[in-house]
$ cat start-v4.tsv   # TSV, C-alpha atoms (C1' of nucleotides)
chain	number	residue	atom	x	y	z
V	2	MET	CA	0.00	0.00	0.00
V	3	SER	CA	1.19	3.45	-0.84
V	4	THR	CA	-0.17	6.10	1.44
V	5	VAL	CA	0.91	8.82	-0.95
V	6	GLY	CA	-0.99	7.10	-3.71
V	7	LEU	CA	-4.11	6.73	-1.61
V	8	GLN	CA	-3.91	10.28	-0.41
V	9	LEU	CA	-3.53	11.63	-3.89
V	10	ARG	CA	-6.37	9.52	-5.17
V	11	GLU	CA	-8.68	10.86	-2.49
V	12	LEU	CA	-7.55	14.38	-3.16
V	13	ARG	CA	-8.15	13.94	-6.86
V	14	GLU	CA	-11.66	12.65	-6.33
V	15	LYS	CA	-12.48	15.42	-3.91
V	16	ALA	CA	-11.18	17.94	-6.39
V	17	GLY	CA	-13.43	16.42	-9.04
V	18	PHE	CA	-10.79	15.29	-11.47
V	19	SER	CA	-11.01	12.11	-13.44
V	20	LEU	CA	-7.81	10.19	-13.80
V	21	ARG	CA	-7.56	11.31	-17.41
V	22	LYS	CA	-8.14	14.95	-16.66
V	23	ALA	CA	-5.59	14.98	-13.92
V	24	ALA	CA	-3.05	13.19	-16.05
V	25	VAL	CA	-3.53	15.64	-18.89
V	26	ALA	CA	-3.27	18.56	-16.51
V	27	ILE	CA	0.14	17.51	-15.28
V	28	ASP	CA	1.16	16.20	-18.67
V	29	ILE	CA	1.70	12.51	-18.07
V	30	ASP	CA	0.12	9.37	-19.44
V	31	VAL	CA	-3.01	8.26	-17.66
V	32	ALA	CA	-1.60	4.78	-17.23
V	33	ILE	CA	1.24	6.12	-15.16
V	34	LEU	CA	-0.99	8.07	-12.85
V	35	SER	CA	-3.24	5.08	-12.40
V	36	LYS	CA	-0.31	2.92	-11.45
V	37	MET	CA	1.16	5.51	-9.16
V	38	GLU	CA	-2.02	6.03	-7.22
V	39	ARG	CA	-2.23	2.31	-6.65
V	40	GLY	CA	1.40	2.02	-5.66
V	41	GLU	CA	2.35	-0.06	-8.65
V	42	ARG	CA	4.81	2.56	-9.67
V	43	LYS	CA	6.78	5.01	-7.63
V	44	PHE	CA	5.93	8.67	-7.75
V	45	SER	CA	8.50	11.26	-8.49
V	46	LYS	CA	8.66	14.21	-6.17
V	47	GLU	CA	8.00	16.49	-9.09
V	48	LEU	CA	4.68	14.81	-9.83
V	49	VAL	CA	3.64	14.85	-6.19
V	50	LEU	CA	4.18	18.59	-6.16
V	51	LYS	CA	2.34	19.12	-9.41
V	52	LEU	CA	-0.63	17.11	-8.22
V	53	ALA	CA	-0.74	18.89	-4.89
V	54	GLU	CA	-0.87	22.16	-6.73
V	55	LEU	CA	-3.55	20.89	-9.08
V	56	TYR	CA	-5.67	19.80	-6.16
V	57	LYS	CA	-4.96	23.03	-4.34
V	58	THR	CA	-3.62	21.34	-1.27
V	59	ASN	CA	-0.55	21.77	0.87
V	60	SER	CA	2.19	19.45	-0.24
V	61	ASP	CA	4.29	19.17	2.92
V	62	LYS	CA	2.77	16.02	4.33
V	63	LEU	CA	2.62	14.44	0.91
V	64	VAL	CA	6.28	15.08	0.33
V	65	ILE	CA	7.21	13.74	3.74
V	66	ASP	CA	5.24	10.57	3.14
V	67	TYR	CA	6.69	10.28	-0.31
V	68	LEU	CA	10.23	10.47	1.05
V	69	SER	CA	9.41	8.12	3.86
V	70	GLU	CA	8.13	5.53	1.42
V	71	LYS	CA	11.23	5.88	-0.66
V	72	VAL	CA	13.41	5.29	2.37
V	73	LEU	CA	11.37	2.33	3.58
V	74	TYR	CA	11.59	0.79	0.17
V	75	GLU	CA	15.37	0.73	0.46
V	76	LEU	CA	15.19	-0.81	3.90
V	77	GLU	CA	12.62	-3.47	3.32
V	78	GLU	CA	13.71	-6.86	4.50
V	79	GLU	CA	16.77	-5.37	6.16
V	80	GLU	CA	17.51	-6.77	9.55
V	81	PHE	CA	19.12	-3.54	10.71
V	82	GLY	CA	16.75	-1.11	9.07
V	83	LEU	CA	15.70	0.55	12.28
V	84	GLU	CA	19.25	0.97	13.48
V	85	ALA	CA	20.19	2.43	10.12
V	86	LEU	CA	17.38	4.96	10.37
V	87	LYS	CA	18.57	6.03	13.78
V	88	VAL	CA	22.10	6.52	12.56
V	89	ALA	CA	20.83	8.45	9.56
V	90	GLU	CA	18.73	10.62	11.81
V	91	LYS	CA	21.63	11.43	14.03
V	92	GLN	CA	23.81	12.33	11.08
V	93	LEU	CA	21.15	14.50	9.57
V	94	LYS	CA	20.59	16.37	12.81
V	95	TYR	CA	24.27	16.97	13.12
V	96	LYS	CA	24.50	18.18	9.55
V	97	LYS	CA	21.69	20.64	10.09
V	98	ASN	CA	23.68	22.39	12.80
V	99	LYS	CA	26.74	22.87	10.67
X	18	MET	CA	32.97	11.25	2.91
X	19	SER	CA	31.91	7.68	3.18
X	20	THR	CA	32.36	6.25	6.64
X	21	VAL	CA	31.86	2.75	5.32
X	22	GLY	CA	34.60	3.35	2.81
X	23	LEU	CA	36.96	4.72	5.41
X	24	GLN	CA	36.19	1.93	7.82
X	25	LEU	CA	36.78	-0.71	5.21
X	26	ARG	CA	39.99	0.91	4.13
X	27	GLU	CA	41.29	0.89	7.67
X	28	LEU	CA	40.22	-2.67	8.15
X	29	ARG	CA	41.94	-3.68	4.97
X	30	GLU	CA	45.19	-2.08	5.97
X	31	LYS	CA	45.06	-3.58	9.41
X	32	ALA	CA	44.43	-6.97	7.87
X	33	GLY	CA	47.45	-6.48	5.67
X	34	PHE	CA	45.76	-6.58	2.30
X	35	SER	CA	46.75	-4.44	-0.61
X	36	LEU	CA	43.91	-3.03	-2.63
X	37	ARG	CA	44.72	-5.47	-5.37
X	38	LYS	CA	44.82	-8.50	-3.14
X	39	ALA	CA	41.56	-7.61	-1.50
X	40	ALA	CA	39.91	-6.98	-4.83
X	41	VAL	CA	41.07	-10.31	-6.18
X	42	ALA	CA	39.91	-12.07	-3.03
X	43	ILE	CA	36.34	-10.85	-3.43
X	44	ASP	CA	36.48	-11.05	-7.19
X	45	ILE	CA	36.04	-7.48	-8.30
X	46	ASP	CA	38.16	-5.06	-10.27
X	47	VAL	CA	40.67	-3.15	-8.22
X	48	ALA	CA	39.43	0.11	-9.67
X	49	ILE	CA	36.02	-0.46	-8.20
X	50	LEU	CA	37.30	-1.16	-4.74
X	51	SER	CA	39.51	1.89	-4.87
X	52	LYS	CA	36.58	4.05	-5.79
X	53	MET	CA	34.31	2.52	-3.21
X	54	GLU	CA	36.71	3.01	-0.36
X	55	ARG	CA	37.00	6.65	-1.28
X	56	GLY	CA	33.27	7.10	-1.65
X	57	GLU	CA	33.41	7.74	-5.35
X	58	ARG	CA	31.20	4.75	-5.95
X	59	LYS	CA	28.55	3.21	-3.79
X	60	PHE	CA	29.15	-0.11	-2.16
X	61	SER	CA	26.76	-2.96	-2.56
X	62	LYS	CA	25.71	-4.75	0.58
X	63	GLU	CA	27.06	-7.95	-0.84
X	64	LEU	CA	30.55	-6.49	-1.14
X	65	VAL	CA	30.45	-5.02	2.33
X	66	LEU	CA	29.69	-8.48	3.68
X	67	LYS	CA	32.39	-10.12	1.63
X	68	LEU	CA	34.98	-7.62	2.77
X	69	ALA	CA	33.97	-7.92	6.40
X	70	GLU	CA	34.44	-11.63	6.14
X	71	LEU	CA	37.77	-11.23	4.41
X	72	TYR	CA	38.97	-8.93	7.14
X	73	LYS	CA	37.55	-11.20	9.79
X	74	THR	CA	35.45	-8.53	11.37
X	75	ASN	CA	31.85	-8.29	12.47
X	76	SER	CA	29.72	-6.78	9.75
X	77	ASP	CA	26.80	-5.39	11.74
X	78	LYS	CA	28.04	-1.86	12.20
X	79	LEU	CA	29.32	-1.76	8.65
X	80	VAL	CA	25.95	-2.81	7.27
X	81	ILE	CA	24.14	-0.30	9.43
X	82	ASP	CA	26.39	2.49	8.28
X	83	TYR	CA	26.08	1.31	4.72
X	84	LEU	CA	22.29	1.45	4.89
X	85	SER	CA	22.37	4.76	6.67
X	86	GLU	CA	24.48	6.25	3.92
X	87	LYS	CA	22.14	4.92	1.31
X	88	VAL	CA	19.20	6.52	3.04
X	89	LEU	CA	20.95	9.83	3.55
X	90	TYR	CA	21.87	9.88	-0.08
X	91	GLU	CA	18.19	9.80	-1.00
X	92	LEU	CA	17.42	12.59	1.43
X	93	GLU	CA	20.21	14.97	0.66
X	94	GLU	CA	19.03	18.47	0.02
X	95	GLU	CA	15.52	17.56	1.12
X	96	GLU	CA	13.87	20.15	3.28
X	97	PHE	CA	11.80	17.54	5.08
X	98	GLY	CA	14.40	14.83	5.33
X	99	LEU	CA	14.32	14.64	9.09
X	100	GLU	CA	10.55	14.49	9.23
X	101	ALA	CA	10.59	11.76	6.60
X	102	LEU	CA	13.02	9.73	8.66
X	103	LYS	CA	10.81	10.01	11.68
X	104	VAL	CA	7.77	8.84	9.76
X	105	ALA	CA	9.75	5.97	8.29
X	106	GLU	CA	10.93	4.99	11.73
X	107	LYS	CA	7.46	4.96	13.11
X	108	GLN	CA	6.23	2.82	10.24
X	109	LEU	CA	9.09	0.41	10.58
X	110	LYS	CA	8.51	0.00	14.29
X	111	TYR	CA	4.88	-0.67	13.68
X	112	LYS	CA	5.67	-3.19	10.99
X	113	LYS	CA	8.03	-5.06	13.27
X	114	ASN	CA	5.21	-5.73	15.69
X	115	LYS	CA	2.94	-7.22	13.10
F	11	DA	C1'	67.11	3.40	-14.10
F	12	DT	C1'	64.62	-0.70	-14.07
F	13	DT	C1'	61.91	-3.70	-11.56
F	14	DA	C1'	58.09	-4.50	-8.77
F	15	DC	C1'	54.87	-3.22	-6.35
F	16	DC	C1'	51.05	0.08	-5.01
F	17	DT	C1'	46.68	3.30	-5.82
F	18	DT	C1'	44.17	6.33	-8.74
F	19	DT	C1'	41.99	7.95	-12.89
F	20	DG	C1'	39.19	8.24	-16.93
F	21	DA	C1'	37.23	6.40	-20.98
F	22	DC	C1'	34.40	3.05	-22.55
F	23	DA	C1'	31.06	-0.99	-22.82
F	24	DA	C1'	27.64	-3.84	-20.80
F	25	DT	C1'	23.61	-4.29	-17.93
F	26	DA	C1'	19.96	-3.23	-15.20
F	27	DT	C1'	16.57	-0.20	-13.71
F	28	DT	C1'	13.20	3.20	-14.39
F	29	DA	C1'	10.15	5.97	-17.13
F	30	DG	C1'	7.15	6.70	-20.91
F	31	DT	C1'	3.94	5.16	-24.84
F	32	DC	C1'	0.23	2.91	-26.63
F	33	DA	C1'	-3.63	0.04	-27.56
F	34	DA	C1'	-7.00	-2.71	-25.73
F	35	DC	C1'	-9.92	-4.24	-22.06
F	36	DA	C1'	-13.88	-4.17	-18.72
F	37	DC	C1'	-17.26	-1.57	-16.49
F	38	DA	C1'	-20.89	1.71	-15.94
F	39	DT	C1'	-24.30	4.90	-17.52
F	40	DA	C1'	-26.76	8.06	-20.60
A	27	DT	C1'	-24.56	2.49	-29.13
A	28	DA	C1'	-21.76	6.02	-27.61
A	29	DT	C1'	-19.18	8.23	-23.93
A	30	DG	C1'	-16.60	8.35	-19.84
A	31	DT	C1'	-14.42	5.78	-16.24
A	32	DG	C1'	-10.08	3.15	-14.53
A	33	DT	C1'	-6.88	-0.86	-15.35
A	34	DT	C1'	-3.59	-3.82	-17.67
A	35	DG	C1'	0.29	-5.53	-20.26
A	36	DA	C1'	3.50	-5.31	-23.87
A	37	DC	C1'	6.69	-2.63	-25.83
A	38	DT	C1'	10.30	1.11	-26.45
A	39	DA	C1'	13.21	4.76	-24.80
A	40	DA	C1'	15.91	6.96	-21.56
A	41	DT	C1'	18.84	6.90	-17.60
A	42	DA	C1'	21.60	5.05	-14.09
A	43	DT	C1'	24.46	1.68	-12.36
A	44	DT	C1'	28.22	-1.60	-12.82
A	45	DG	C1'	32.06	-3.72	-14.88
A	46	DT	C1'	36.32	-3.66	-17.79
A	47	DC	C1'	40.52	-2.02	-19.18
A	48	DA	C1'	44.65	0.52	-20.01
A	49	DA	C1'	47.52	3.92	-18.50
A	50	DA	C1'	49.40	7.09	-15.22
A	51	DG	C1'	51.93	8.39	-11.12
A	52	DG	C1'	53.91	7.18	-6.65
A	53	DT	C1'	57.31	4.64	-3.68
A	54	DA	C1'	60.91	1.66	-2.46
A	55	DA	C1'	64.52	-1.65	-3.26
A	56	DT	C1'	68.15	-3.26	-5.81
$ encode --input "start-v4.tsv" --output "structure tokens"
Amino acid sequence: MSTVGLQLRELREKAGFSLRKAAVAIDIDVAILSKMERGERKFSKELVLKLAELYKTNSDKLVIDYLSEKVLYELEEEEFGLEALKVAEKQLKYKKNK
Amino acid sequence: MSTVGLQLRELREKAGFSLRKAAVAIDIDVAILSKMERGERKFSKELVLKLAELYKTNSDKLVIDYLSEKVLYELEEEEFGLEALKVAEKQLKYKKNK
DNA sequence: ATTACCTTTGACAATATTAGTCAACACATA
DNA sequence: TATGTGTTGACTAATATTGTCAAAGGTAAT
């Protein structure tokens, strides 16, 4: 399950766009959008932003979830995934204070 | 800087392997190992494990750092990188208890 | 100064992964 | 039937990753 996909599907429906209309509006093939919403294909950040704009919604949470999914994808099945995340977090915090 | 690269370089030197010998032992081109140790190319997990074994050292920390680097690479320059990590962590913890 | 190592570098080819295109399908409804 | 909906799979194109190779430059010993 892709939460970004589900979120964007809901947003699209609430905004009254058909899959085709939305795809045309952001200039991609309808097949791609269909697959992305269902998690069969990964989103790109660019498309997440375009869709958020199209649906007139704030993109922050969407982007965060998008990144989170990307990270989890890399860590799936990894025994030390959680430890790796903690190390990454520490490094990132440190970097921010540079 | 790649901490995995640096760590593996130190380990190699302590174990008394030349770059060439180590590369031969794990069956890769010496150029690749050279680049990996210096962070010019990404390691694969498989190679990290092979090298750890070659150097007779525990691989856990190396793997964790390897994964952490991979994750940070995806998040570099991302405004919401830290938030994404936290979401990912939460999801991973949840998943572990399934 | 040549031999024998070492590491680094860059150009190139091979492969794998990801992204995009397209046509057809199934479903519903006017 | 005609129109609009979303889904699917096969195919191609583009991009990224990996592997190969030859050559360069360094160091040390003889």
$ interface_residues --input "start-v4.tsv" --of "chain V" --to "chain F" --cutoff "9 Å" --atoms "all atoms listed in the file" --output "PyMOL selection string"
chain V and resi 29-30+33
$ calpha_fit_and_write --input "start-v4.tsv" --fixed "chain V" --moving "chain X" --output "JSON list (two decimals) with C-alpha atoms, in the frame of the given file"
[["chain", "number", "residue", "atom", "x", "y", "z"],
["X", 18, "MET", "CA", 0.04, 0.01, -0.01],
["X", 19, "SER", "CA", 1.19, 3.45, -0.87],
["X", 20, "THR", "CA", -0.19, 6.10, 1.43],
["X", 21, "VAL", "CA", 0.91, 8.82, -0.95],
["X", 22, "GLY", "CA", -0.98, 7.10, -3.72],
["X", 23, "LEU", "CA", -4.10, 6.73, -1.63],
["X", 24, "GLN", "CA", -3.91, 10.28, -0.42],
["X", 25, "LEU", "CA", -3.52, 11.63, -3.90],
["X", 26, "ARG", "CA", -6.35, 9.52, -5.17],
["X", 27, "GLU", "CA", -8.65, 10.85, -2.50],
["X", 28, "LEU", "CA", -7.55, 14.37, -3.17],
["X", 29, "ARG", "CA", -8.16, 13.93, -6.84],
["X", 30, "GLU", "CA", -11.66, 12.65, -6.32],
["X", 31, "LYS", "CA", -12.48, 15.40, -3.89],
["X", 32, "ALA", "CA", -11.20, 17.93, -6.38],
["X", 33, "GLY", "CA", -13.44, 16.42, -9.01],
["X", 34, "PHE", "CA", -10.80, 15.29, -11.46],
["X", 35, "SER", "CA", -11.01, 12.11, -13.43],
["X", 36, "LEU", "CA", -7.79, 10.20, -13.77],
["X", 37, "ARG", "CA", -7.57, 11.30, -17.36],
["X", 38, "LYS", "CA", -8.15, 14.95, -16.65],
["X", 39, "ALA", "CA", -5.60, 14.99, -13.90],
["X", 40, "ALA", "CA", -3.06, 13.20, -16.04],
["X", 41, "VAL", "CA", -3.55, 15.64, -18.88],
["X", 42, "ALA", "CA", -3.28, 18.58, -16.49],
["X", 43, "ILE", "CA", 0.16, 17.53, -15.28],
["X", 44, "ASP", "CA", 1.17, 16.22, -18.66],
["X", 45, "ILE", "CA", 1.70, 12.53, -18.08],
["X", 46, "ASP", "CA", 0.12, 9.40, -19.47],
["X", 47, "VAL", "CA", -3.01, 8.30, -17.69],
["X", 48, "ALA", "CA", -1.60, 4.82, -17.28],
["X", 49, "ILE", "CA", 1.24, 6.14, -15.21],
["X", 50, "LEU", "CA", -0.98, 8.07, -12.87],
["X", 51, "SER", "CA", -3.24, 5.09, -12.44],
["X", 52, "LYS", "CA", -0.31, 2.93, -11.50],
["X", 53, "MET", "CA", 1.17, 5.50, -9.18],
["X", 54, "GLU", "CA", -2.01, 6.02, -7.24],
["X", 55, "ARG", "CA", -2.24, 2.31, -6.68],
["X", 56, "GLY", "CA", 1.39, 1.99, -5.70],
["X", 57, "GLU", "CA", 2.33, -0.07, -8.70],
["X", 58, "ARG", "CA", 4.81, 2.57, -9.74],
["X", 59, "LYS", "CA", 6.78, 5.00, -7.67],
["X", 60, "PHE", "CA", 5.93, 8.65, -7.75],
["X", 61, "SER", "CA", 8.50, 11.26, -8.51],
["X", 62, "LYS", "CA", 8.67, 14.21, -6.18],
["X", 63, "GLU", "CA", 8.02, 16.49, -9.08],
["X", 64, "LEU", "CA", 4.70, 14.81, -9.82],
["X", 65, "VAL", "CA", 3.65, 14.84, -6.20],
["X", 66, "LEU", "CA", 4.19, 18.60, -6.17],
["X", 67, "LYS", "CA", 2.34, 19.12, -9.41],
["X", 68, "LEU", "CA", -0.63, 17.11, -8.21],
["X", 69, "ALA", "CA", -0.74, 18.89, -4.88],
["X", 70, "GLU", "CA", -0.87, 22.15, -6.71],
["X", 71, "LEU", "CA", -3.54, 20.89, -9.06],
["X", 72, "TYR", "CA", -5.66, 19.79, -6.14],
["X", 73, "LYS", "CA", -4.96, 23.01, -4.31],
["X", 74, "THR", "CA", -3.61, 21.32, -1.25],
["X", 75, "ASN", "CA", -0.53, 21.77, 0.88],
["X", 76, "SER", "CA", 2.22, 19.44, -0.24],
["X", 77, "ASP", "CA", 4.31, 19.14, 2.92],
["X", 78, "LYS", "CA", 2.76, 16.01, 4.34],
["X", 79, "LEU", "CA", 2.61, 14.43, 0.92],
["X", 80, "VAL", "CA", 6.30, 15.06, 0.32],
["X", 81, "ILE", "CA", 7.21, 13.73, 3.73],
["X", 82, "ASP", "CA", 5.24, 10.58, 3.16],
["X", 83, "TYR", "CA", 6.68, 10.27, -0.30],
["X", 84, "LEU", "CA", 10.23, 10.45, 1.05],
["X", 85, "SER", "CA", 9.40, 8.12, 3.88],
["X", 86, "GLU", "CA", 8.13, 5.53, 1.45],
["X", 87, "LYS", "CA", 11.23, 5.87, -0.64],
["X", 88, "VAL", "CA", 13.40, 5.27, 2.38],
["X", 89, "LEU", "CA", 11.37, 2.33, 3.61],
["X", 90, "TYR", "CA", 11.58, 0.79, 0.20],
["X", 91, "GLU", "CA", 15.37, 0.73, 0.48],
["X", 92, "LEU", "CA", 15.19, -0.81, 3.93],
["X", 93, "GLU", "CA", 12.61, -3.48, 3.36],
["X", 94, "GLU", "CA", 13.70, -6.86, 4.54],
["X", 95, "GLU", "CA", 16.77, -5.37, 6.20],
["X", 96, "GLU", "CA", 17.52, -6.78, 9.59],
["X", 97, "PHE", "CA", 19.12, -3.54, 10.75],
["X", 98, "GLY", "CA", 16.74, -1.13, 9.11],
["X", 99, "LEU", "CA", 15.69, 0.54, 12.32],
["X", 100, "GLU", "CA", 19.25, 0.97, 13.52],
["X", 101, "ALA", "CA", 20.18, 2.43, 10.14],
["X", 102, "LEU", "CA", 17.38, 4.95, 10.39],
["X", 103, "LYS", "CA", 18.55, 6.03, 13.79],
["X", 104, "VAL", "CA", 22.09, 6.54, 12.58],
["X", 105, "ALA", "CA", 20.84, 8.46, 9.57],
["X", 106, "GLU", "CA", 18.74, 10.64, 11.81],
["X", 107, "LYS", "CA", 21.63, 11.44, 14.04],
["X", 108, "GLN", "CA", 23.80, 12.34, 11.08],
["X", 109, "LEU", "CA", 21.13, 14.50, 9.55],
["X", 110, "LYS", "CA", 20.59, 16.38, 12.78],
["X", 111, "TYR", "CA", 24.27, 16.98, 13.09],
["X", 112, "LYS", "CA", 24.49, 18.18, 9.52],
["X", 113, "LYS", "CA", 21.68, 20.64, 10.04],
["X", 114, "ASN", "CA", 23.67, 22.39, 12.73],
["X", 115, "LYS", "CA", 26.71, 22.88, 10.58]]
$ interface_residues --input "start-v4.tsv" --of "chain A" --to "chain X" --cutoff "10 Å" --atoms "all atoms listed in the file" --output "list in words"
DT43, DT44, DG45, DT46 and DC47 of chain A
$ interface_residues --input "start-v4.tsv" --of "chain X" --to "chain V" --cutoff "10 Å" --atoms "all atoms listed in the file" --output "ChimeraX atom specification"
/X:77-78,80-93,95-110,113
$ residues_around --input "start-v4.tsv" --residues "stretch 27-44 of chain X" --least-positions-apart "2" --cutoff "9 Å" --atoms "only C-alpha atoms (C1' of nucleotides)" --output "PyMOL selection string"
(chain X and resi 22-25+46-51+64+67-69+71-74) or (chain F and resi 16-17)
$ write_last_selection --input "start-v4.tsv" --atoms "C-alpha atoms (C1' of nucleotides)" --output "CSV table (one decimal), keeping the file's coordinate frame"
chain,number,residue,atom,x,y,z
X,22,GLY,CA,34.6,3.4,2.8
X,23,LEU,CA,37.0,4.7,5.4
X,24,GLN,CA,36.2,1.9,7.8
X,25,LEU,CA,36.8,-0.7,5.2
X,46,ASP,CA,38.2,-5.1,-10.3
X,47,VAL,CA,40.7,-3.2,-8.2
X,48,ALA,CA,39.4,0.1,-9.7
X,49,ILE,CA,36.0,-0.5,-8.2
X,50,LEU,CA,37.3,-1.2,-4.7
X,51,SER,CA,39.5,1.9,-4.9
X,64,LEU,CA,30.6,-6.5,-1.1
X,67,LYS,CA,32.4,-10.1,1.6
X,68,LEU,CA,35.0,-7.6,2.8
X,69,ALA,CA,34.0,-7.9,6.4
X,71,LEU,CA,37.8,-11.2,4.4
X,72,TYR,CA,39.0,-8.9,7.1
X,73,LYS,CA,37.6,-11.2,9.8
X,74,THR,CA,35.4,-8.5,11.4
F,16,DC,C1',51.0,0.1,-5.0
F,17,DT,C1',46.7,3.3,-5.8
$ atom_distance --input "start-v4.tsv" --atom1 "atom CA of V:Glu38" --atom2 "atom CA of V:Asn59"
17.8 Å
$ axis_aligned_box --input "start-v4.tsv" --around "stretch 50-55 of chain A" --padding-each-side "5 Å" --output "AutoDock Vina command-line options"
--center_x 57.0 --center_y 3.4 --center_z -8.8 --size_x 25.1 --size_y 20.0 --size_z 22.8
$ atom_distance --input "start-v4.tsv" --atom1 "atom CA of V:Thr4" --atom2 "atom CA of X:Tyr111"
14.9 Å
